[in-house]
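entry-v7.cif follows (mmCIF, C-alpha atoms):
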```
data_model
#
loop_
_atom_site.group_PDB
_atom_site.id
_atom_site.type_symbol
_atom_site.label_atom_id
_atom_site.label_comp_id
_atom_site.auth_asym_id
_atom_site.auth_seq_id
_atom_site.Cartn_x
_atom_site.Cartn_y
_atom_site.Cartn_z
ATOM 1 C CA MET A 21 15.350 -24.428 -0.979
ATOM 2 C CA ARG A 22 17.014 -21.153 -1.930
ATOM 3 C CA LEU A 23 16.508 -17.776 -0.261
ATOM 4 C CA GLY A 24 16.348 -14.697 -2.473
ATOM 5 C CA LEU A 25 14.740 -11.323 -3.056
ATOM 6 C CA LEU A 26 12.547 -9.439 -5.524
ATOM 7 C CA THR A 27 14.342 -6.430 -7.016
ATOM 8 C CA ALA A 28 11.283 -4.122 -7.104
ATOM 9 C CA PRO A 29 12.309 -1.898 -4.119
ATOM 10 C CA PHE A 30 15.450 -0.785 -6.011
ATOM 11 C CA PRO A 31 13.873 1.189 -8.899
ATOM 12 C CA ASN A 32 16.804 3.583 -9.271
ATOM 13 C CA THR A 33 19.637 1.097 -8.778
ATOM 14 C CA ALA A 34 21.204 -0.679 -11.757
ATOM 15 C CA LEU A 35 20.473 -4.394 -11.930
ATOM 16 C CA ALA A 36 24.201 -5.209 -11.867
ATOM 17 C CA ASP A 37 24.543 -3.411 -8.526
ATOM 18 C CA VAL A 38 21.460 -5.141 -7.086
ATOM 19 C CA VAL A 39 22.800 -8.510 -8.237
ATOM 20 C CA ASP A 40 26.221 -7.902 -6.687
ATOM 21 C CA TRP A 41 24.709 -6.799 -3.376
ATOM 22 C CA THR A 42 22.320 -9.767 -3.335
ATOM 23 C CA ALA A 43 25.045 -12.300 -4.069
ATOM 24 C CA GLY A 44 27.376 -10.685 -1.549
ATOM 25 C CA ASN A 45 24.907 -10.798 1.320
ATOM 26 C CA GLY A 46 24.027 -14.431 1.661
ATOM 27 C CA PHE A 47 21.200 -14.849 -0.829
ATOM 28 C CA GLU A 48 21.027 -17.613 -3.423
ATOM 29 C CA SER A 49 18.378 -16.402 -5.870
ATOM 30 C CA ILE A 50 16.787 -13.318 -7.338
ATOM 31 C CA GLU A 51 13.435 -12.455 -8.940
ATOM 32 C CA ILE A 52 13.891 -9.617 -11.423
ATOM 33 C CA ALA A 53 11.265 -6.870 -11.781
ATOM 34 C CA CYS A 54 10.412 -6.307 -15.458
ATOM 35 C CA TRP A 55 7.852 -3.528 -15.756
ATOM 36 C CA PRO A 56 7.891 -1.500 -18.993
ATOM 37 C CA ARG A 57 10.416 1.272 -19.436
ATOM 38 C CA SER A 58 8.317 4.354 -18.797
ATOM 39 C CA THR A 59 8.152 7.648 -16.941
ATOM 40 C CA GLY A 60 5.513 9.169 -14.707
ATOM 41 C CA PRO A 61 3.727 7.901 -11.608
ATOM 42 C CA SER A 62 3.291 4.183 -10.947
ATOM 43 C CA ARG A 63 1.719 2.009 -8.299
ATOM 44 C CA ARG A 64 3.836 1.612 -5.172
ATOM 45 C CA TYR A 65 6.423 -1.141 -5.709
ATOM 46 C CA ALA A 66 5.331 -1.419 -9.321
ATOM 47 C CA GLY A 67 7.188 0.157 -12.192
ATOM 48 C CA THR A 68 10.729 -1.081 -11.594
ATOM 49 C CA SER A 69 12.281 -2.004 -14.938
ATOM 50 C CA HIS A 70 15.508 -3.891 -14.375
ATOM 51 C CA ILE A 71 15.373 -5.503 -17.826
ATOM 52 C CA ASP A 72 14.112 -3.789 -20.969
ATOM 53 C CA VAL A 73 12.345 -6.949 -22.110
ATOM 54 C CA ALA A 74 10.704 -5.267 -25.110
ATOM 55 C CA ASN A 75 14.098 -4.636 -26.708
ATOM 56 C CA LEU A 76 16.178 -7.518 -25.353
ATOM 57 C CA SER A 77 18.170 -9.355 -28.014
ATOM 58 C CA ALA A 78 19.098 -13.011 -27.684
ATOM 59 C CA ALA A 79 22.767 -12.094 -27.301
ATOM 60 C CA GLU A 80 22.017 -9.519 -24.601
ATOM 61 C CA ALA A 81 19.797 -11.980 -22.767
ATOM 62 C CA ASN A 82 22.471 -14.675 -22.840
ATOM 63 C CA GLU A 83 25.137 -12.280 -21.600
ATOM 64 C CA LEU A 84 22.917 -10.908 -18.818
ATOM 65 C CA ALA A 85 21.814 -14.329 -17.597
ATOM 66 C CA GLY A 86 25.402 -15.575 -17.690
ATOM 67 C CA ARG A 87 26.645 -12.661 -15.630
ATOM 68 C CA ILE A 88 23.952 -13.145 -12.973
ATOM 69 C CA ARG A 89 24.526 -16.884 -12.750
ATOM 70 C CA GLY A 90 28.254 -16.226 -12.624
ATOM 71 C CA THR A 91 27.745 -14.556 -9.237
ATOM 72 C CA GLY A 92 26.246 -17.793 -7.926
ATOM 73 C CA LEU A 93 22.632 -16.584 -8.044
ATOM 74 C CA VAL A 94 19.728 -18.504 -9.544
ATOM 75 C CA ILE A 95 17.121 -16.405 -11.376
ATOM 76 C CA SER A 96 13.894 -17.611 -9.748
ATOM 77 C CA GLY A 97 11.668 -15.845 -12.258
ATOM 78 C CA LEU A 98 10.937 -12.648 -14.132
ATOM 79 C CA GLY A 99 8.257 -10.590 -12.392
ATOM 80 C CA PHE A 100 5.608 -8.287 -13.863
ATOM 81 C CA TYR A 101 2.390 -7.798 -11.904
ATOM 82 C CA PRO A 102 -0.233 -5.851 -13.927
ATOM 83 C CA ASN A 103 -3.990 -6.322 -14.434
ATOM 84 C CA PRO A 104 -4.648 -8.456 -17.538
ATOM 85 C CA LEU A 105 -8.406 -8.318 -16.797
ATOM 86 C CA HIS A 106 -8.535 -4.530 -16.558
ATOM 87 C CA PRO A 107 -11.928 -3.164 -17.691
ATOM 88 C CA ASP A 108 -10.298 -0.728 -20.154
ATOM 89 C CA PRO A 109 -9.592 -2.755 -23.331
ATOM 90 C CA GLU A 110 -6.698 -0.502 -24.359
ATOM 91 C CA HIS A 111 -4.955 -0.796 -21.004
ATOM 92 C CA ARG A 112 -5.597 -4.535 -20.965
ATOM 93 C CA ALA A 113 -4.046 -4.968 -24.412
ATOM 94 C CA THR A 114 -0.993 -2.936 -23.393
ATOM 95 C CA VAL A 115 -0.228 -4.962 -20.278
ATOM 96 C CA ILE A 116 -0.844 -8.286 -22.000
ATOM 97 C CA GLY A 117 1.492 -7.217 -24.787
ATOM 98 C CA HIS A 118 4.204 -6.439 -22.256
ATOM 99 C CA LEU A 119 3.561 -9.688 -20.394
ATOM 100 C CA LYS A 120 4.294 -11.501 -23.659
ATOM 101 C CA HIS A 121 7.587 -9.594 -23.902
ATOM 102 C CA VAL A 122 8.441 -10.848 -20.403
ATOM 103 C CA ILE A 123 7.658 -14.398 -21.499
ATOM 104 C CA THR A 124 9.931 -14.168 -24.542
ATOM 105 C CA ALA A 125 12.684 -12.603 -22.407
ATOM 106 C CA ALA A 126 12.407 -15.499 -19.967
ATOM 107 C CA GLU A 127 12.844 -17.897 -22.877
ATOM 108 C CA LYS A 128 15.920 -16.037 -24.109
ATOM 109 C CA MET A 129 17.419 -16.039 -20.607
ATOM 110 C CA ASP A 130 16.476 -19.687 -19.930
ATOM 111 C CA VAL A 131 14.346 -18.682 -16.927
ATOM 112 C CA PRO A 132 11.486 -21.174 -16.503
ATOM 113 C CA LEU A 133 8.960 -19.003 -14.641
ATOM 114 C CA VAL A 134 7.139 -15.748 -15.369
ATOM 115 C CA ASN A 135 5.455 -14.370 -12.245
ATOM 116 C CA THR A 136 2.350 -12.194 -12.589
ATOM 117 C CA PHE A 137 -1.306 -11.570 -11.638
ATOM 118 C CA MET A 138 -4.435 -13.014 -13.216
ATOM 119 C CA GLY A 139 -6.112 -9.637 -12.785
ATOM 120 C CA GLY A 140 -9.689 -8.610 -12.157
ATOM 121 C CA ASP A 141 -12.273 -5.842 -12.322
ATOM 122 C CA LYS A 142 -12.943 -4.588 -8.796
ATOM 123 C CA ASP A 143 -16.555 -3.740 -9.692
ATOM 124 C CA LYS A 144 -17.453 -7.253 -10.885
ATOM 125 C CA THR A 145 -18.142 -10.387 -8.885
ATOM 126 C CA GLN A 146 -15.554 -13.152 -8.867
ATOM 127 C CA ASP A 147 -17.790 -15.297 -11.056
ATOM 128 C CA GLN A 148 -18.147 -12.472 -13.599
ATOM 129 C CA ASN A 149 -14.389 -11.979 -13.568
ATOM 130 C CA TRP A 150 -13.872 -15.701 -14.055
ATOM 131 C CA GLU A 151 -15.939 -15.580 -17.243
ATOM 132 C CA GLU A 152 -13.624 -12.799 -18.463
ATOM 133 C CA ALA A 153 -10.572 -14.869 -17.500
ATOM 134 C CA LEU A 154 -11.884 -17.762 -19.578
ATOM 135 C CA ARG A 155 -12.078 -15.387 -22.528
ATOM 136 C CA ILE A 156 -8.762 -13.518 -22.061
ATOM 137 C CA TRP A 157 -6.327 -16.005 -20.564
ATOM 138 C CA PRO A 158 -6.282 -18.887 -23.096
ATOM 139 C CA ASP A 159 -4.241 -16.722 -25.490
ATOM 140 C CA ILE A 160 -1.703 -15.851 -22.754
ATOM 141 C CA VAL A 161 -1.400 -19.473 -21.658
ATOM 142 C CA SER A 162 -0.977 -20.646 -25.243
ATOM 143 C CA PHE A 163 1.740 -18.030 -25.807
ATOM 144 C CA ALA A 164 3.639 -19.213 -22.723
ATOM 145 C CA GLN A 165 3.317 -22.836 -23.827
ATOM 146 C CA ASP A 166 4.663 -21.975 -27.279
ATOM 147 C CA HIS A 167 7.726 -20.408 -25.610
ATOM 148 C CA GLY A 168 8.248 -23.216 -23.104
ATOM 149 C CA ARG A 169 7.575 -21.088 -19.994
ATOM 150 C CA LYS A 170 5.287 -21.611 -17.024
ATOM 151 C CA ILE A 171 3.247 -18.786 -15.539
ATOM 152 C CA THR A 172 2.944 -18.411 -11.781
ATOM 153 C CA ILE A 173 0.100 -16.295 -10.433
ATOM 154 C CA GLU A 174 0.474 -14.511 -7.110
ATOM 155 C CA ASN A 175 -2.490 -14.900 -4.758
ATOM 156 C CA CYS A 176 -2.603 -11.175 -3.948
ATOM 157 C CA PRO A 177 -6.109 -9.620 -3.982
ATOM 158 C CA MET A 178 -4.709 -6.230 -5.073
ATOM 159 C CA LEU A 179 -6.900 -4.522 -2.497
ATOM 160 C CA PHE A 180 -4.808 -1.957 -0.653
ATOM 161 C CA SER A 181 -6.380 1.397 -1.555
ATOM 162 C CA ASP A 182 -9.785 2.965 -2.059
ATOM 163 C CA ASP A 183 -9.456 2.837 -5.862
ATOM 164 C CA GLU A 184 -9.153 -0.978 -5.630
ATOM 165 C CA TRP A 185 -12.152 -1.368 -3.321
ATOM 166 C CA PRO A 186 -14.465 -3.293 -2.999
ATOM 167 C CA GLY A 187 -13.451 -6.348 -5.037
ATOM 168 C CA GLY A 188 -9.730 -5.932 -5.647
ATOM 169 C CA ASN A 189 -7.925 -6.290 -8.964
ATOM 170 C CA ASN A 190 -6.788 -9.921 -8.842
ATOM 171 C CA ILE A 191 -9.216 -12.813 -8.514
ATOM 172 C CA ALA A 192 -6.701 -15.626 -7.934
ATOM 173 C CA THR A 193 -6.891 -15.380 -4.160
ATOM 174 C CA THR A 194 -9.042 -18.134 -2.648
ATOM 175 C CA PRO A 195 -9.173 -21.947 -2.674
ATOM 176 C CA ARG A 196 -12.409 -21.774 -4.666
ATOM 177 C CA MET A 197 -10.781 -19.742 -7.437
ATOM 178 C CA TRP A 198 -7.532 -21.717 -7.403
ATOM 179 C CA ARG A 199 -9.384 -24.981 -7.976
ATOM 180 C CA ARG A 200 -10.953 -23.410 -11.072
ATOM 181 C CA ILE A 201 -7.624 -22.073 -12.346
ATOM 182 C CA LEU A 202 -5.793 -25.357 -11.895
ATOM 183 C CA GLU A 203 -8.611 -27.421 -13.372
ATOM 184 C CA GLN A 204 -8.474 -25.193 -16.442
ATOM 185 C CA TRP A 205 -4.728 -24.599 -16.821
ATOM 186 C CA GLY A 206 -2.855 -26.779 -14.328
ATOM 187 C CA GLY A 207 0.551 -27.704 -15.711
ATOM 188 C CA SER A 208 0.854 -24.366 -17.509
ATOM 189 C CA ILE A 209 -0.118 -22.100 -14.604
ATOM 190 C CA GLY A 210 1.081 -22.591 -11.046
ATOM 191 C CA LEU A 211 0.901 -20.692 -7.798
ATOM 192 C CA ASN A 212 3.294 -17.933 -6.751
ATOM 193 C CA PHE A 213 2.438 -18.318 -3.085
ATOM 194 C CA ASP A 214 2.472 -15.302 -0.755
ATOM 195 C CA PRO A 215 1.190 -16.192 2.736
ATOM 196 C CA SER A 216 0.541 -12.597 3.794
ATOM 197 C CA HIS A 217 -2.598 -12.435 1.662
ATOM 198 C CA LEU A 218 -4.116 -15.384 3.509
ATOM 199 C CA ILE A 219 -3.720 -13.548 6.817
ATOM 200 C CA LEU A 220 -5.972 -10.779 5.468
ATOM 201 C CA GLN A 221 -8.565 -13.311 4.275
ATOM 202 C CA MET A 222 -8.405 -15.461 7.446
ATOM 203 C CA ILE A 223 -7.557 -18.522 5.347
ATOM 204 C CA ASP A 224 -5.698 -21.368 7.083
ATOM 205 C CA ILE A 225 -2.152 -21.258 5.667
ATOM 206 C CA PRO A 226 -0.998 -24.855 6.379
ATOM 207 C CA ARG A 227 -4.312 -26.211 5.056
ATOM 208 C CA PHE A 228 -3.951 -24.129 1.886
ATOM 209 C CA ILE A 229 -0.414 -25.476 1.393
ATOM 210 C CA ARG A 230 -1.612 -29.056 1.948
ATOM 211 C CA GLU A 231 -4.262 -28.683 -0.744
ATOM 212 C CA PHE A 232 -2.267 -26.748 -3.351
ATOM 213 C CA GLY A 233 1.296 -27.811 -2.523
ATOM 214 C CA PRO A 234 1.976 -29.702 -5.778
ATOM 215 C CA ASP A 235 1.101 -26.550 -7.740
ATOM 216 C CA ILE A 236 3.208 -24.130 -5.691
ATOM 217 C CA LEU A 237 6.046 -23.301 -8.089
ATOM 218 C CA HIS A 238 7.401 -20.148 -6.436
ATOM 219 C CA VAL A 239 7.141 -18.641 -2.936
ATOM 220 C CA GLN A 240 7.201 -14.957 -2.039
ATOM 221 C CA ALA A 241 7.981 -14.313 1.610
ATOM 222 C CA LYS A 242 6.027 -11.333 2.866
ATOM 223 C CA ASP A 243 4.377 -10.814 6.227
ATOM 224 C CA LEU A 244 1.203 -8.959 7.196
ATOM 225 C CA TRP A 245 0.374 -7.307 10.487
ATOM 226 C CA ILE A 246 -3.274 -6.802 11.420
ATOM 227 C CA ASP A 247 -3.648 -3.415 13.134
ATOM 228 C CA ARG A 248 -6.312 -4.346 15.679
ATOM 229 C CA ASP A 249 -7.177 -0.705 16.414
ATOM 230 C CA GLY A 250 -7.773 -0.096 12.721
ATOM 231 C CA LEU A 251 -9.847 -3.271 12.473
ATOM 232 C CA TYR A 252 -11.884 -2.161 15.508
ATOM 233 C CA GLU A 253 -12.555 1.218 13.895
ATOM 234 C CA ARG A 254 -13.396 0.033 10.382
ATOM 235 C CA GLY A 255 -14.553 -3.589 10.700
ATOM 236 C CA VAL A 256 -14.068 -6.469 8.301
ATOM 237 C CA PHE A 257 -16.400 -5.003 5.650
ATOM 238 C CA SER A 258 -13.693 -2.449 4.868
ATOM 239 C CA VAL A 259 -11.739 -5.471 3.526
ATOM 240 C CA GLY A 260 -8.409 -4.415 4.967
ATOM 241 C CA MET A 261 -8.646 -0.675 4.383
ATOM 242 C CA GLY A 262 -6.907 0.922 7.365
ATOM 243 C CA TRP A 263 -5.859 -2.266 9.129
ATOM 244 C CA GLN A 264 -3.761 -4.508 6.870
ATOM 245 C CA VAL A 265 -0.084 -3.541 7.131
ATOM 246 C CA PRO A 266 2.485 -5.285 4.857
ATOM 247 C CA ARG A 267 5.582 -6.136 6.867
ATOM 248 C CA LEU A 268 8.884 -7.920 6.435
ATOM 249 C CA PRO A 269 8.976 -11.573 7.534
ATOM 250 C CA GLY A 270 9.071 -11.815 11.289
ATOM 251 C CA LEU A 271 7.336 -8.471 11.907
ATOM 252 C CA GLY A 272 3.756 -9.559 11.224
ATOM 253 C CA ASP A 273 1.252 -12.311 11.954
ATOM 254 C CA VAL A 274 2.490 -15.129 9.677
ATOM 255 C CA ASP A 275 3.584 -18.187 11.674
ATOM 256 C CA TRP A 276 6.770 -18.937 9.757
ATOM 257 C CA PRO A 277 7.709 -22.222 11.520
ATOM 258 C CA HIS A 278 4.293 -23.704 10.714
ATOM 259 C CA LEU A 279 4.453 -22.363 7.159
ATOM 260 C CA PHE A 280 7.825 -23.914 6.437
ATOM 261 C CA GLY A 281 6.783 -27.145 8.104
ATOM 262 C CA ALA A 282 3.848 -27.321 5.699
ATOM 263 C CA LEU A 283 6.066 -26.497 2.702
ATOM 264 C CA TRP A 284 8.534 -29.224 3.615
ATOM 265 C CA ARG A 285 5.733 -31.773 4.075
ATOM 266 C CA VAL A 286 4.371 -31.160 0.557
ATOM 267 C CA GLY A 287 7.885 -31.410 -0.891
ATOM 268 C CA TYR A 288 8.450 -27.801 -1.893
ATOM 269 C CA ASP A 289 12.162 -27.285 -2.485
ATOM 270 C CA GLY A 290 12.300 -24.198 -4.703
ATOM 271 C CA ASP A 291 12.914 -20.489 -4.233
ATOM 272 C CA VAL A 292 11.700 -18.397 -1.322
ATOM 273 C CA ILE A 293 11.812 -14.780 -2.490
ATOM 274 C CA ILE A 294 11.553 -11.958 0.040
ATOM 275 C CA GLU A 295 9.048 -9.358 -1.154
ATOM 276 C CA HIS A 296 9.765 -6.065 0.578
ATOM 277 C CA GLU A 297 6.784 -3.690 0.965
ATOM 278 C CA ASP A 298 7.445 -2.539 4.528
ATOM 279 C CA ARG A 299 7.104 1.250 4.874
ATOM 280 C CA ASP A 300 9.330 1.262 7.979
ATOM 281 C CA PHE A 301 12.255 0.178 5.795
ATOM 282 C CA GLU A 302 11.808 2.125 2.572
ATOM 283 C CA ARG A 303 12.942 5.745 2.914
ATOM 284 C CA SER A 304 16.420 5.043 1.509
ATOM 285 C CA ASP A 305 18.355 2.266 -0.218
ATOM 286 C CA ASP A 306 20.162 1.683 3.077
ATOM 287 C CA LEU A 307 16.881 1.078 4.897
ATOM 288 C CA VAL A 308 15.642 -1.204 2.103
ATOM 289 C CA LYS A 309 18.826 -3.246 2.418
ATOM 290 C CA ARG A 310 18.519 -3.391 6.206
ATOM 291 C CA GLY A 311 14.999 -4.701 5.746
ATOM 292 C CA PHE A 312 16.132 -7.439 3.401
ATOM 293 C CA LEU A 313 18.892 -8.433 5.824
ATOM 294 C CA LEU A 314 16.448 -8.566 8.723
ATOM 295 C CA ALA A 315 14.148 -10.829 6.702
ATOM 296 C CA ARG A 316 17.116 -12.937 5.611
ATOM 297 C CA ASP A 317 18.080 -13.595 9.229
ATOM 298 C CA VAL A 318 14.499 -14.445 10.219
ATOM 299 C CA LEU A 319 14.039 -16.942 7.380
ATOM 300 C CA ARG A 320 17.527 -18.427 7.158
ATOM 301 C CA PRO A 321 16.928 -21.122 9.827
ATOM 302 C CA TYR A 322 14.152 -22.575 7.652
ATOM 303 C CA VAL A 323 15.769 -22.321 4.220
ATOM 304 C CA LYS A 324 18.532 -24.855 3.730
#
```

Please, can you express the file's structure as structure tokens?
Amino acid sequence: MRLGLLTAPFPNTALADVVDWTAGNGFESIEIACWPRSTGPSRRYAGTSHIDVANLSAAEANELAGRIRGTGLVISGLGFYPNPLHPDPEHRATVIGHLKHVITAAEKMDVPLVNTFMGGDKDKTQDQNWEEALRIWPDIVSFAQDHGRKITIENCPMLFSDDEWPGGNNIATTPRMWRRILEQWGGSIGLNFDPSHLILQMIDIPRFIREFGPDILHVQAKDLWIDRDGLYERGVFSVGMGWQVPRLPGLGDVDWPHLFGALWRVGYDGDVIIEHEDRDFERSDDLVKRGFLLARDVLRPYVK
């Protein structure tokens, strides 16, 4: 296994500086955030553009990948987490177009994985969204196959704010949906596994790993703390509103020893990428770095 980080919490820091800090502080890999180059407001921890994939030449890609690997880091994947099943056709076409740019950039940089969301319409049922996925996703999968890349889907429900309630904006969250995805596209799509989202859904983490272990291609290490007072006030029908708190590994309710035991038993030996969305460690670059170092020290005993 290799321990690394996702670059998204450094939106205003040059990639070269993030790479140097990452390599110099005991990490072995890095997932690079590749949102479009744009201005204006963006979703929290979404919008970081460390590579201008839409305008990346083959020579630039080769030079960039060589420099990163020259520091000793492995590029675990290129990350872009939009909503390819968005109900607005224009928005959907825009994000799918950029996702294809990320796929071609990964090919140019010889990075095997592109990490993303399947998407969803919060106002539709999961079965209705699945019918949309069967219509929209074959083209994306075919494009990735043509460029020799695999897609990993994060199991995040994208349900953190009132405008994502009640159904969330990513359907690839439960065992029932993952069986469908893998039956349809297994071998081309794998799982970008984040255990924090199973805490919210009360899904048994070791059991999930036992069932889907062969298809886990990438791991994102994020924790989740259940605020019991918030849960008492709002109840489970609020689906996390007011009581799910993203935390750094070690500061939430994920049982990391059991998780890593399950990963080892299914033979996972890839990258474990710290995803930092902890508000207690985000008011400055220094705090973000302290958060990553805290998570590094919590996870290091398990990642060899």

What would the selection look like, as a VMD selection string, if the PyMOL selection byres ((chain A and resi 237-250) around 6) were run on the coordinates I just shared? chain A and resid 210 to 214 216 235 to 236 251 to 253 262 to 269 272 to 274 291 to 295

If we count all atoms listed in the file, what is near A:Glu151 at a cut-off of 12 Å, once residues fewer than 3 positions away on the same chain are taken out, given as a tab-separated table (two decimals) with C-alpha atoms, keeping the file's coordinate frame?
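And here's part25.tsv as it stands now:
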```tsv
chain	number	residue	atom	x	y	z
A	105	LEU	CA	-8.41	-8.32	-16.80
A	140	GLY	CA	-9.69	-8.61	-12.16
A	141	ASP	CA	-12.27	-5.84	-12.32
A	144	LYS	CA	-17.45	-7.25	-10.88
A	145	THR	CA	-18.14	-10.39	-8.88
A	146	GLN	CA	-15.55	-13.15	-8.87
A	147	ASP	CA	-17.79	-15.30	-11.06
A	148	GLN	CA	-18.15	-12.47	-13.60
A	154	LEU	CA	-11.88	-17.76	-19.58
A	155	ARG	CA	-12.08	-15.39	-22.53
A	156	ILE	CA	-8.76	-13.52	-22.06
A	157	TRP	CA	-6.33	-16.00	-20.56
A	158	PRO	CA	-6.28	-18.89	-23.10
A	191	ILE	CA	-9.22	-12.81	-8.51
A	197	MET	CA	-10.78	-19.74	-7.44
A	200	ARG	CA	-10.95	-23.41	-11.07
A	201	ILE	CA	-7.62	-22.07	-12.35
```

Residues near stretch 35-48 of chain A, anyone? I mean within 8 Å using only C-alpha atoms, not counting same-chain ones fewer than 5 positions away, as a PyMOL selection string. chain A and resi 22-25+27+30+70-71+88+91-94+313+316

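Nearest to A:Met261 of all the residues A:Met178, A:Ala79, A:Ile209, A:Ala282 is A:Met178, based on only C-alpha atoms.
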
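The two atoms in question, atom CA of A:Gly67 and atom CA of A:Asn175, are spaced 19.4 Å apart.
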
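Atom CA of A:Pro104 to atom CA of A:Ile223 spans 25.2 Å [interatomic distance, one decimal].
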
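Using all atoms listed in the file, the contacts of A:Phe163 at a cut-off of 12 Å, with sequence neighbours closer than 3 positions omitted, comprise Ile116, Gly117, Leu119, Lys120, His121, Val122, Ile123, Thr124, Glu127, Val134, Trp157, Pro158, Asp159, Ile160, Asp166, His167, Gly168, Arg169, Lys170, Ile171 and Ser208 of chain A.
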
Would you mind exporting the chosen residues as a tab-separated table (two decimals), keeping the file's coordinate frame, restricted to C-alpha atoms?
```tsv
chain	number	residue	atom	x	y	z
A	116	ILE	CA	-0.84	-8.29	-22.00
A	117	GLY	CA	1.49	-7.22	-24.79
A	119	LEU	CA	3.56	-9.69	-20.39
A	120	LYS	CA	4.29	-11.50	-23.66
A	121	HIS	CA	7.59	-9.59	-23.90
A	122	VAL	CA	8.44	-10.85	-20.40
A	123	ILE	CA	7.66	-14.40	-21.50
A	124	THR	CA	9.93	-14.17	-24.54
A	127	GLU	CA	12.84	-17.90	-22.88
A	134	VAL	CA	7.14	-15.75	-15.37
A	157	TRP	CA	-6.33	-16.00	-20.56
A	158	PRO	CA	-6.28	-18.89	-23.10
A	159	ASP	CA	-4.24	-16.72	-25.49
A	160	ILE	CA	-1.70	-15.85	-22.75
A	166	ASP	CA	4.66	-21.98	-27.28
A	167	HIS	CA	7.73	-20.41	-25.61
A	168	GLY	CA	8.25	-23.22	-23.10
A	169	ARG	CA	7.58	-21.09	-19.99
A	170	LYS	CA	5.29	-21.61	-17.02
A	171	ILE	CA	3.25	-18.79	-15.54
A	208	SER	CA	0.85	-24.37	-17.51
```

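For the file shown, the residue list from the PyMOL selection byres ((chain A and resi 288) around 8) reads Met21, Gly233, Pro234, Ile236, Leu283, Trp284, Arg285, Val286, Gly287, Asp289 and Gly290 of chain A.
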